[in-house]
file query.txt (compact mmCIF, C-alpha atoms)
# COMPACT_ATOMS: atom_id res chain seq x y z
CA MET A 1314 -2.00 27.32 23.13
CA SER A 1315 -3.90 29.45 25.54
CA ASP A 1316 -4.23 28.47 29.17
CA HIS A 1317 -8.02 28.46 29.09
CA SER A 1318 -8.35 24.93 27.80
CA HIS A 1319 -11.76 23.40 27.26
CA PRO A 1320 -11.65 19.87 28.60
CA GLU A 1321 -15.30 19.30 27.72
CA LYS A 1322 -14.50 20.24 24.12
CA ALA A 1323 -11.29 18.20 24.07
CA GLY A 1324 -13.17 15.10 25.05
CA SER A 1325 -16.15 15.60 22.76
CA ALA A 1326 -17.29 13.04 20.21
CA ILE A 1327 -16.38 15.37 17.33
CA ASP A 1328 -12.78 15.60 18.46
CA ARG A 1329 -12.50 11.88 19.00
CA ASN A 1330 -13.69 11.42 15.42
CA VAL A 1331 -10.99 13.77 14.14
CA TYR A 1332 -8.34 11.97 16.18
CA ARG A 1333 -9.67 8.64 14.91
CA LYS A 1334 -9.48 9.86 11.31
CA GLY A 1335 -5.75 10.55 11.78
CA PHE A 1336 -5.23 7.15 13.40
CA ASN A 1337 -7.10 5.33 10.61
CA THR A 1338 -5.03 7.16 8.00
CA PHE A 1339 -1.88 6.13 9.85
CA LEU A 1340 -3.04 2.50 9.89
CA VAL A 1341 -3.70 2.50 6.14
CA LEU A 1342 -0.29 4.08 5.51
CA ALA A 1343 1.40 1.49 7.72
CA VAL A 1344 -0.33 -1.39 5.92
CA LEU A 1345 0.61 0.08 2.51
CA THR A 1346 4.23 0.42 3.67
CA VAL A 1347 4.40 -3.23 4.71
CA VAL A 1348 2.72 -4.26 1.44
CA GLU A 1349 5.29 -2.14 -0.39
CA TYR A 1350 8.11 -3.93 1.45
CA PHE A 1351 6.89 -7.40 0.50
CA VAL A 1352 6.12 -6.36 -3.08
CA GLY A 1353 9.67 -5.04 -3.34
CA LEU A 1354 11.16 -8.27 -2.05
CA TRP A 1355 8.90 -10.87 -3.68
CA PHE A 1356 7.29 -9.27 -6.74
CA PRO A 1357 9.68 -6.46 -7.63
CA SER A 1358 7.45 -4.45 -9.96
CA ALA A 1359 8.48 -0.82 -10.36
CA VAL A 1360 5.02 0.16 -11.61
CA LEU A 1361 3.27 -1.41 -8.62
CA LEU A 1362 5.71 0.18 -6.18
CA ILE A 1363 5.24 3.61 -7.74
CA LEU A 1364 1.45 3.20 -7.63
CA LEU A 1365 1.65 2.29 -3.94
CA ALA A 1366 3.83 5.35 -3.30
CA ILE A 1367 1.35 7.58 -5.13
CA ALA A 1368 -1.54 6.16 -3.08
CA LYS A 1369 0.36 6.85 0.15
CA ALA A 1370 1.29 10.35 -1.03
CA ALA A 1371 -2.35 11.11 -1.87
CA LEU A 1372 -3.41 10.14 1.65
CA VAL A 1373 -0.70 12.30 3.26
CA LEU A 1374 -1.46 15.28 0.99
CA ASN A 1375 -5.20 15.10 1.52
CA ILE A 1376 -5.61 14.11 5.15
CA PHE A 1377 -2.37 14.98 6.95
CA MET A 1378 -1.35 18.09 4.98
CA GLY A 1379 -4.90 19.26 4.26
CA ILE A 1380 -4.20 20.39 0.71
CA THR A 1381 -7.90 21.11 0.17
CA LYS A 1382 -7.62 24.06 2.56
CA LEU A 1383 -5.81 25.85 -0.25
CA TRP A 1384 -9.04 26.32 -2.18
CA ARG A 1385 -11.60 25.75 0.57
CA GLY A 1386 -9.89 27.83 3.23
CA GLY A 1387 -10.59 27.46 6.93
CA ASP A 1388 -9.63 24.63 9.19
CA HIS A 1389 -10.05 21.05 8.02
CA HIS A 1390 -10.22 19.69 11.57
CA MET B 19 -11.14 60.61 6.25
CA SER B 20 -8.49 58.10 7.14
CA ALA B 21 -8.57 54.48 6.10
CA VAL B 22 -8.95 53.52 9.73
CA ALA B 23 -12.10 55.59 10.02
CA HIS B 24 -13.57 53.59 7.14
CA GLY B 25 -12.70 50.38 8.86
CA HIS B 26 -15.17 48.03 10.46
CA ASP B 27 -15.24 46.70 13.97
CA ASP B 28 -13.68 43.25 14.20
CA HIS B 29 -14.61 40.69 16.84
CA HIS B 30 -12.08 42.12 19.32
CA GLY B 31 -13.82 45.47 19.31
CA GLU B 32 -10.92 47.19 17.50
CA LEU B 33 -11.18 49.09 14.23
CA HIS B 34 -9.78 47.09 11.36
CA ASN B 35 -8.02 48.87 8.53
CA PRO B 36 -9.60 47.52 5.32
CA MET B 37 -6.30 48.09 3.52
CA GLU B 38 -4.62 45.54 5.76
CA PRO B 39 -5.43 41.83 5.64
CA THR B 40 -7.30 40.31 8.54
CA ARG B 41 -5.60 37.54 10.49
CA GLN B 42 -7.61 34.95 8.56
CA GLU B 43 -6.61 36.48 5.23
CA GLN B 44 -3.02 36.54 6.43
CA ILE B 45 -3.18 32.84 7.28
CA VAL B 46 -4.59 32.05 3.82
CA MET B 47 -1.65 33.92 2.25
CA ASN B 48 0.85 32.25 4.60
CA ARG B 49 -0.56 28.86 3.73
CA PHE B 50 -0.32 29.58 0.01
CA GLY B 51 3.27 30.74 0.44
CA LEU B 52 4.24 27.62 2.37
CA TRP B 53 2.70 25.38 -0.28
CA LEU B 54 4.60 27.29 -2.98
CA PHE B 55 7.79 26.67 -1.00
CA CYS B 56 6.98 22.96 -0.79
CA PHE B 57 6.24 22.92 -4.52
CA SER B 58 9.65 24.47 -5.25
CA GLU B 59 11.25 21.77 -3.08
CA VAL B 60 9.54 19.11 -5.18
CA PHE B 61 11.79 20.07 -8.10
CA LEU B 62 14.90 19.48 -5.98
CA PHE B 63 13.78 16.04 -4.86
CA ALA B 64 12.44 15.16 -8.30
CA ALA B 65 15.89 15.94 -9.74
CA LEU B 66 17.46 13.54 -7.24
CA LEU B 67 14.92 10.88 -8.17
CA ALA B 68 15.67 11.45 -11.86
CA ALA B 69 19.39 11.03 -11.15
CA ARG B 70 18.66 7.78 -9.32
CA PHE B 71 16.64 6.30 -12.19
CA TYR B 72 19.13 7.50 -14.82
CA LEU B 73 22.34 6.41 -13.10
CA TRP B 74 21.19 3.24 -11.33
CA ARG B 75 20.38 1.24 -14.43
CA ASP B 76 21.92 -1.28 -16.72
CA PRO B 77 21.16 -1.31 -20.47
CA ASP B 78 20.58 -5.07 -20.36
CA VAL B 79 19.04 -5.65 -16.93
CA GLY B 80 17.14 -2.38 -16.43
CA ALA B 81 16.80 -0.70 -13.04
CA LEU B 82 19.42 -1.51 -10.41
CA ARG B 83 19.75 -0.67 -6.74
CA PRO B 84 22.55 -1.08 -4.20
CA ASP B 85 22.23 -4.17 -2.01
CA LEU B 86 21.41 -2.44 1.28
CA PRO B 87 20.03 -3.91 4.54
CA GLN B 88 16.23 -3.96 4.23
CA ALA B 89 15.06 -4.36 7.80
CA PRO B 90 16.48 -1.07 9.19
CA ALA B 91 15.08 0.84 6.20
CA LEU B 92 11.59 -0.55 6.81
CA ILE B 93 11.81 0.13 10.55
CA PHE B 94 12.96 3.74 10.09
CA THR B 95 10.32 4.32 7.41
CA CYS B 96 7.69 3.18 9.93
CA VAL B 97 9.25 5.41 12.62
CA LEU B 98 8.90 8.43 10.31
CA LEU B 99 5.32 7.40 9.60
CA VAL B 100 4.56 7.25 13.33
CA SER B 101 6.07 10.73 13.73
CA SER B 102 3.70 11.98 11.02
CA PHE B 103 0.77 10.47 12.91
CA PHE B 104 1.79 12.30 16.10
CA MET B 105 2.29 15.53 14.18
CA ASN B 106 -1.26 15.28 12.86
CA ARG B 107 -2.46 14.57 16.39
CA ALA B 108 -0.61 17.63 17.69
CA GLU B 109 -2.25 19.81 15.03
CA VAL B 110 -5.71 18.53 15.95
CA ALA B 111 -4.92 19.05 19.64
CA ALA B 112 -3.82 22.63 19.00
CA ALA B 113 -7.04 23.30 17.08
CA ASN B 114 -8.97 22.05 20.12
CA GLU B 115 -6.77 23.61 22.81
CA ASP B 116 -6.03 20.16 24.19
CA ARG B 117 -2.67 21.03 25.73
CA ALA B 118 -1.83 17.63 27.23
CA THR B 119 -2.29 15.83 23.92
CA PHE B 120 -0.42 18.61 22.12
CA ASN B 121 2.60 18.30 24.41
CA PHE B 122 2.72 14.52 24.26
CA SER B 123 2.28 14.49 20.48
CA MET B 124 4.93 17.13 19.81
CA ALA B 125 7.36 15.30 22.08
CA SER B 126 6.63 12.02 20.29
CA THR B 127 7.07 13.67 16.89
CA PHE B 128 10.43 15.07 17.97
CA VAL B 129 11.68 11.78 19.42
CA MET B 130 10.54 9.74 16.39
CA GLY B 131 12.16 12.23 14.02
CA LEU B 132 15.37 12.05 16.03
CA ILE B 133 15.32 8.23 15.96
CA PHE B 134 14.87 8.34 12.17
CA LEU B 135 17.76 10.78 11.79
CA VAL B 136 20.15 8.84 14.04
CA GLY B 137 19.08 5.60 12.37
CA VAL B 138 19.93 6.91 8.91
CA ILE B 139 23.29 8.27 10.05
CA VAL B 140 24.37 5.27 12.12
CA LEU B 141 22.81 2.30 10.38
CA GLU B 142 22.33 3.43 6.79
CA TRP B 143 25.43 5.58 6.41
CA GLY B 144 27.46 3.25 8.61
CA VAL B 145 28.92 6.03 10.75
CA GLY B 146 30.66 4.31 13.65
CA GLY B 147 29.63 0.87 12.43
CA GLU B 148 29.50 -1.39 9.41
CA THR B 149 29.75 0.57 6.16
CA HIS B 150 27.64 -0.65 3.24
CA ILE B 151 28.27 2.12 0.77
CA LEU B 152 30.40 5.26 0.62
CA PRO B 153 29.90 8.58 -1.16
CA THR B 154 32.87 7.56 -3.31
CA SER B 155 31.27 4.25 -4.38
CA GLY B 156 30.63 5.51 -7.90
CA ALA B 157 27.21 6.69 -9.08
CA PHE B 158 25.50 4.47 -6.49
CA GLY B 159 27.31 6.08 -3.58
CA ALA B 160 26.96 9.62 -4.88
CA VAL B 161 23.23 9.32 -5.53
CA PHE B 162 22.54 7.41 -2.30
CA PHE B 163 24.26 10.03 -0.14
CA ALA B 164 22.78 12.93 -2.11
CA MET B 165 19.25 11.59 -1.64
CA THR B 166 19.51 10.52 1.98
CA GLY B 167 21.68 13.54 2.88
CA MET B 168 19.31 16.08 1.37
CA HIS B 169 16.40 14.39 3.12
CA ALA B 170 18.31 14.28 6.43
CA ILE B 171 18.94 18.04 6.21
CA HIS B 172 15.19 18.56 5.86
CA VAL B 173 14.58 16.27 8.85
CA ILE B 174 17.02 18.37 10.91
CA THR B 175 15.27 21.63 9.97
CA GLY B 176 11.94 19.93 10.67
CA LEU B 177 13.14 18.90 14.13
CA ILE B 178 14.17 22.50 14.87
CA PHE B 179 10.75 23.66 13.65
CA VAL B 180 9.00 21.08 15.86
CA ALA B 181 11.06 22.13 18.90
CA ILE B 182 10.21 25.82 18.38
CA VAL B 183 6.48 25.16 17.90
CA TRP B 184 6.45 22.83 20.90
CA ARG B 185 8.01 25.59 23.05
CA ASN B 186 5.61 28.22 21.69
CA GLY B 187 2.69 25.94 22.49
CA ASN B 188 3.90 25.65 26.06
CA LEU B 189 4.12 29.44 26.26
CA GLY B 190 0.45 29.63 25.31
CA ASN B 191 0.98 31.21 21.90
CA TYR B 192 -1.65 29.14 20.07
CA SER B 193 -5.40 29.21 20.34
CA ARG B 194 -8.36 27.47 18.76
CA GLU B 195 -8.72 30.41 16.34
CA ASP B 196 -5.04 30.97 15.58
CA HIS B 197 -2.63 28.04 15.53
CA TRP B 198 -1.01 28.77 12.20
CA GLY B 199 2.46 27.98 13.62
CA VAL B 200 1.39 24.41 14.40
CA GLU B 201 -0.28 24.02 11.01
CA ALA B 202 2.83 25.28 9.19
CA CYS B 203 5.04 22.93 11.18
CA ALA B 204 2.70 20.04 10.39
CA ILE B 205 2.68 20.81 6.65
CA TYR B 206 6.48 20.95 6.58
CA TRP B 207 6.90 17.76 8.62
CA HIS B 208 4.40 15.85 6.47
CA PHE B 209 6.21 17.13 3.38
CA VAL B 210 9.44 15.58 4.70
CA ASP B 211 7.50 12.33 5.18
CA LEU B 212 6.03 12.68 1.68
CA VAL B 213 9.50 12.89 0.15
CA TRP B 214 10.55 9.71 1.96
CA ILE B 215 7.43 7.94 0.64
CA PHE B 216 9.02 8.20 -2.82
CA PHE B 217 12.65 7.86 -1.75
CA TYR B 218 12.16 4.64 0.21
CA PRO B 219 11.04 2.45 -2.73
CA ALA B 220 13.38 4.25 -5.12
CA ILE B 221 16.45 3.52 -2.98
CA TYR B 222 15.61 0.19 -1.36
CA LEU B 223 12.99 -1.64 -3.40
CA ILE B 224 12.94 -0.82 -7.11
CA GLY B 225 15.39 -2.67 -9.34
CA LEU B 226 17.78 -5.58 -9.15
CA ALA B 227 19.98 -5.52 -6.03
CA VAL B 228 23.69 -5.39 -6.85
CA HIS B 229 26.62 -5.51 -4.46
CA ILE B 230 28.56 -2.24 -4.44
CA PRO B 231 32.31 -2.55 -3.77
CA ILE B 232 33.43 -0.10 -1.07
CA HIS B 233 36.35 2.05 -2.08
call {"tool": "encode", "arguments": {"input": "query.txt", "output": "C-alpha cells"}}
result
Amino acid sequence: MSDHSHPEKAGSAIDRNVYRKGFNTFLVLAVLTVVEYFVGLWFPSAVLLILLAIAKAALVLNIFMGITKLWRGGDHH
Amino acid sequence: MSAVAHGHDDHHGELHNPMEPTRQEQIVMNRFGLWLFCFSEVFLFAALLAARFYLWRDPDVGALRPDLPQAPALIFTCVLLVSSFFMNRAEVAAANEDRATFNFSMASTFVMGLIFLVGVIVLEWGVGGETHILPTSGAFGAVFFAMTGMHAIHVITGLIFVAIVWRNGNLGNYSREDHWGVEACAIYWHFVDLVWIFFYPAIYLIGLAVHIPIH
C-alpha cells in the first residue's frame, strides 16, 4: 500500500458499505454454520447438510472470492 | 517503425507497447490463471470427498462417520470463518489504501489461521494429548488424516502467503489501482475456507457416528 493514504476516502460512506457487506456475509455464514451443527446433531440429513454447504460455498465464491470479476473484470469493491 | 513508436501514451505519460499487455490486462490474466489453479485443486479435494463417501459407509446402515469431538470442530470452523472475514476486510482496505485496517486485518487473518492449524494438530489429531483416531485406524483413519492433512498443508501455504502480502503491504507495494497481490492472497485463503465448508460436514456431521478402535 502506498504511503499517501486517503483518510477521507477510507472513512467514506461507500467504504463503510463495502465493509458492512463483508460483515453481513460473515454473519450469514456464521448462522448457517451453527444451523449446520445442530442439523448434524439433531436431524442428521445428508441432503440438508450438503444444501447448507452449497449455500455457504455460493456466498464465499460470490462475495468473498468475487468470482464475477472473471467475466466482468475490474474491482468488485 | 518500431512497435513502441506505434504505442499510445498511458496514464503515466510513458509509451505503451501495444504488443505487451497493460497492467490491467495482466491482472485479468493473472486472475484467470489463479482461478484455473483453484479449479484444478477442486479435483484433488473432490477425490478425497469421494473416498470419504465410498469408504465410510455400511451396506446396511448407509453413511458412517468416526465418533469425533464436536465442539472443537465447530469452534475451529468458526475461527476459520472469522479469518475469512478479516481477509475480505484486508482486501477492501487495500483497495481503499486504508493501511491501519489492512494491517489489523492481515494480522487477524494470520492469527486465526494459526489457531485453526494448531487446533487441528493438537485437538483433532491428538498430538501431545488425547488421541481419537490414528492414520492406521483402517479406512476411517486413513481418510480422516488424508483430508485434514491435505487441508492443513493448504492452510500452511496460505499462512505463508498472508505473511508475505502483509509484509509487502507494510513496504507500500500496493495501491488503490494495483493490489493484485492482496486479491490473489484473498482468493487463495477463501478457497481454503471453501474446501473446509465441504470437509466439515463430511467429516463431522454426515452419517451415523461409530467408535473407531485405536490401533
call {"tool": "closest_residue", "arguments": {"input": "query.txt", "among": "B:Arg41, B:Ile230, B:Ala81, B:Glu195", "to": "Gly159 of chain B", "atoms": "only C-alpha atoms"}}
result
B:Ile230
call {"tool": "closest_atom_pairs", "arguments": {"input": "query.txt", "of": "chain B", "to": "chain A", "cutoff": "9 Å", "atoms": "all atoms listed in the file", "output": "tab-separated table"}}
result
residue	atom	partner	partner_atom	distance
B:Gln42	CA	A:Gly1387	CA	8.2
B:Val46	CA	A:Gly1386	CA	6.8
B:Arg49	CA	A:Leu1383	CA	7.2
B:Phe50	CA	A:Leu1383	CA	6.6
B:Trp53	CA	A:Leu1383	CA	8.5
B:Ala81	CA	A:Ala1359	CA	8.7
B:Gln88	CA	A:Tyr1350	CA	8.6
B:Leu92	CA	A:Tyr1350	CA	7.2
B:Thr95	CA	A:Thr1346	CA	8.1
B:Cys96	CA	A:Ala1343	CA	6.9
B:Leu99	CA	A:Phe1339	CA	7.3
B:Val100	CA	A:Phe1339	CA	7.4
B:Ser102	CA	A:Phe1377	CA	7.9
B:Phe103	CA	A:Phe1339	CA	5.9
B:Phe104	CA	A:Gly1335	CA	8.9
B:Met105	CA	A:Phe1377	CA	8.6
B:Asn106	CA	A:Phe1377	CA	6.0
B:Arg107	CA	A:Tyr1332	CA	6.4
B:Glu109	CA	A:His1390	CA	8.7
B:Val110	CA	A:His1390	CA	6.4
B:Ala111	CA	A:Ala1323	CA	7.8
B:Ala112	CA	A:Met1314	CA	6.5
B:Ala113	CA	A:His1390	CA	7.3
B:Asn114	CA	A:Ala1323	CA	6.0
B:Glu115	CA	A:Ser1318	CA	5.4
B:Asp116	CA	A:Ala1323	CA	5.6
B:Arg117	CA	A:Met1314	CA	6.8
B:Phe120	CA	A:Met1314	CA	8.9
B:Asn186	CA	A:Met1314	CA	7.8
B:Gly187	CA	A:Met1314	CA	4.9
B:Asn188	CA	A:Met1314	CA	6.8
B:Leu189	CA	A:Met1314	CA	7.2
B:Gly190	CA	A:Met1314	CA	4.0
B:Asn191	CA	A:Met1314	CA	5.1
B:Tyr192	CA	A:Met1314	CA	3.6
B:Ser193	CA	A:Met1314	CA	4.8
B:Arg194	CA	A:Met1314	CA	7.7
B:Asp196	CA	A:Met1314	CA	8.9
B:His197	CA	A:Met1314	CA	7.7
B:Glu201	CA	A:Met1378	CA	8.5
B:Ala204	CA	A:Met1378	CA	7.0
B:Ile205	CA	A:Met1378	CA	5.1
B:Tyr206	CA	A:Met1378	CA	8.5
B:His208	CA	A:Met1378	CA	6.3
B:Phe209	CA	A:Met1378	CA	7.8
B:Asp211	CA	A:Val1373	CA	8.4
B:Leu212	CA	A:Ala1370	CA	5.9
B:Val213	CA	A:Ala1370	CA	8.7
B:Ile215	CA	A:Ala1366	CA	5.9
B:Phe216	CA	A:Ala1366	CA	5.9
B:Pro219	CA	A:Leu1362	CA	6.7
B:Ala220	CA	A:Ile1363	CA	8.6
B:Tyr222	CA	A:Gly1353	CA	8.2
B:Leu223	CA	A:Gly1353	CA	4.8
B:Ile224	CA	A:Ala1359	CA	5.5
B:Gly225	CA	A:Pro1357	CA	7.1
B:Leu226	CA	A:Pro1357	CA	8.3
call {"tool": "atom_distance", "arguments": {"input": "query.txt", "atom1": "atom CA of Val60 of chain B", "atom2": "atom CA of Leu73 of chain B"}}
result
19.7 Å
call {"tool": "atom_distance", "arguments": {"input": "query.txt", "atom1": "atom CA of Gly156 of chain B", "atom2": "atom CA of Phe94 of chain B"}}
result
25.3 Å
call {"tool": "axis_aligned_box", "arguments": {"input": "query.txt", "around": "segment 1363-1375 of chain A", "padding_each_side": "5 Å", "output": "lines of an AutoDock Vina configuration file"}}
result
center_x = 0.0
center_y = 8.8
center_z = -2.2
size_x = 20.4
size_y = 23.0
size_z = 21.0
call {"tool": "residues_around", "arguments": {"input": "query.txt", "residues": "Val180 of chain B", "least_positions_apart": "5", "cutoff": "7 Å", "atoms": "all atoms listed in the file", "output": "number ranges by chain"}}
result
B: 124, 128, 203
call {"tool": "write_last_selection", "arguments": {"input": "query.txt", "atoms": "C-alpha atoms", "output": "mmCIF file, keeping the file's coordinate frame"}}
result
data_model
loop_
_atom_site.group_PDB
_atom_site.id
_atom_site.type_symbol
_atom_site.label_atom_id
_atom_site.label_comp_id
_atom_site.auth_asym_id
_atom_site.auth_seq_id
_atom_site.Cartn_x
_atom_site.Cartn_y
_atom_site.Cartn_z
ATOM 1 C CA MET B 124 4.930 17.130 19.810
ATOM 2 C CA PHE B 128 10.430 15.070 17.970
ATOM 3 C CA CYS B 203 5.040 22.930 11.180
#
call {"tool": "atom_distance", "arguments": {"input": "query.txt", "atom1": "atom CA of Ser101 of chain B", "atom2": "atom CA of Met130 of chain B"}}
result
5.3 Å
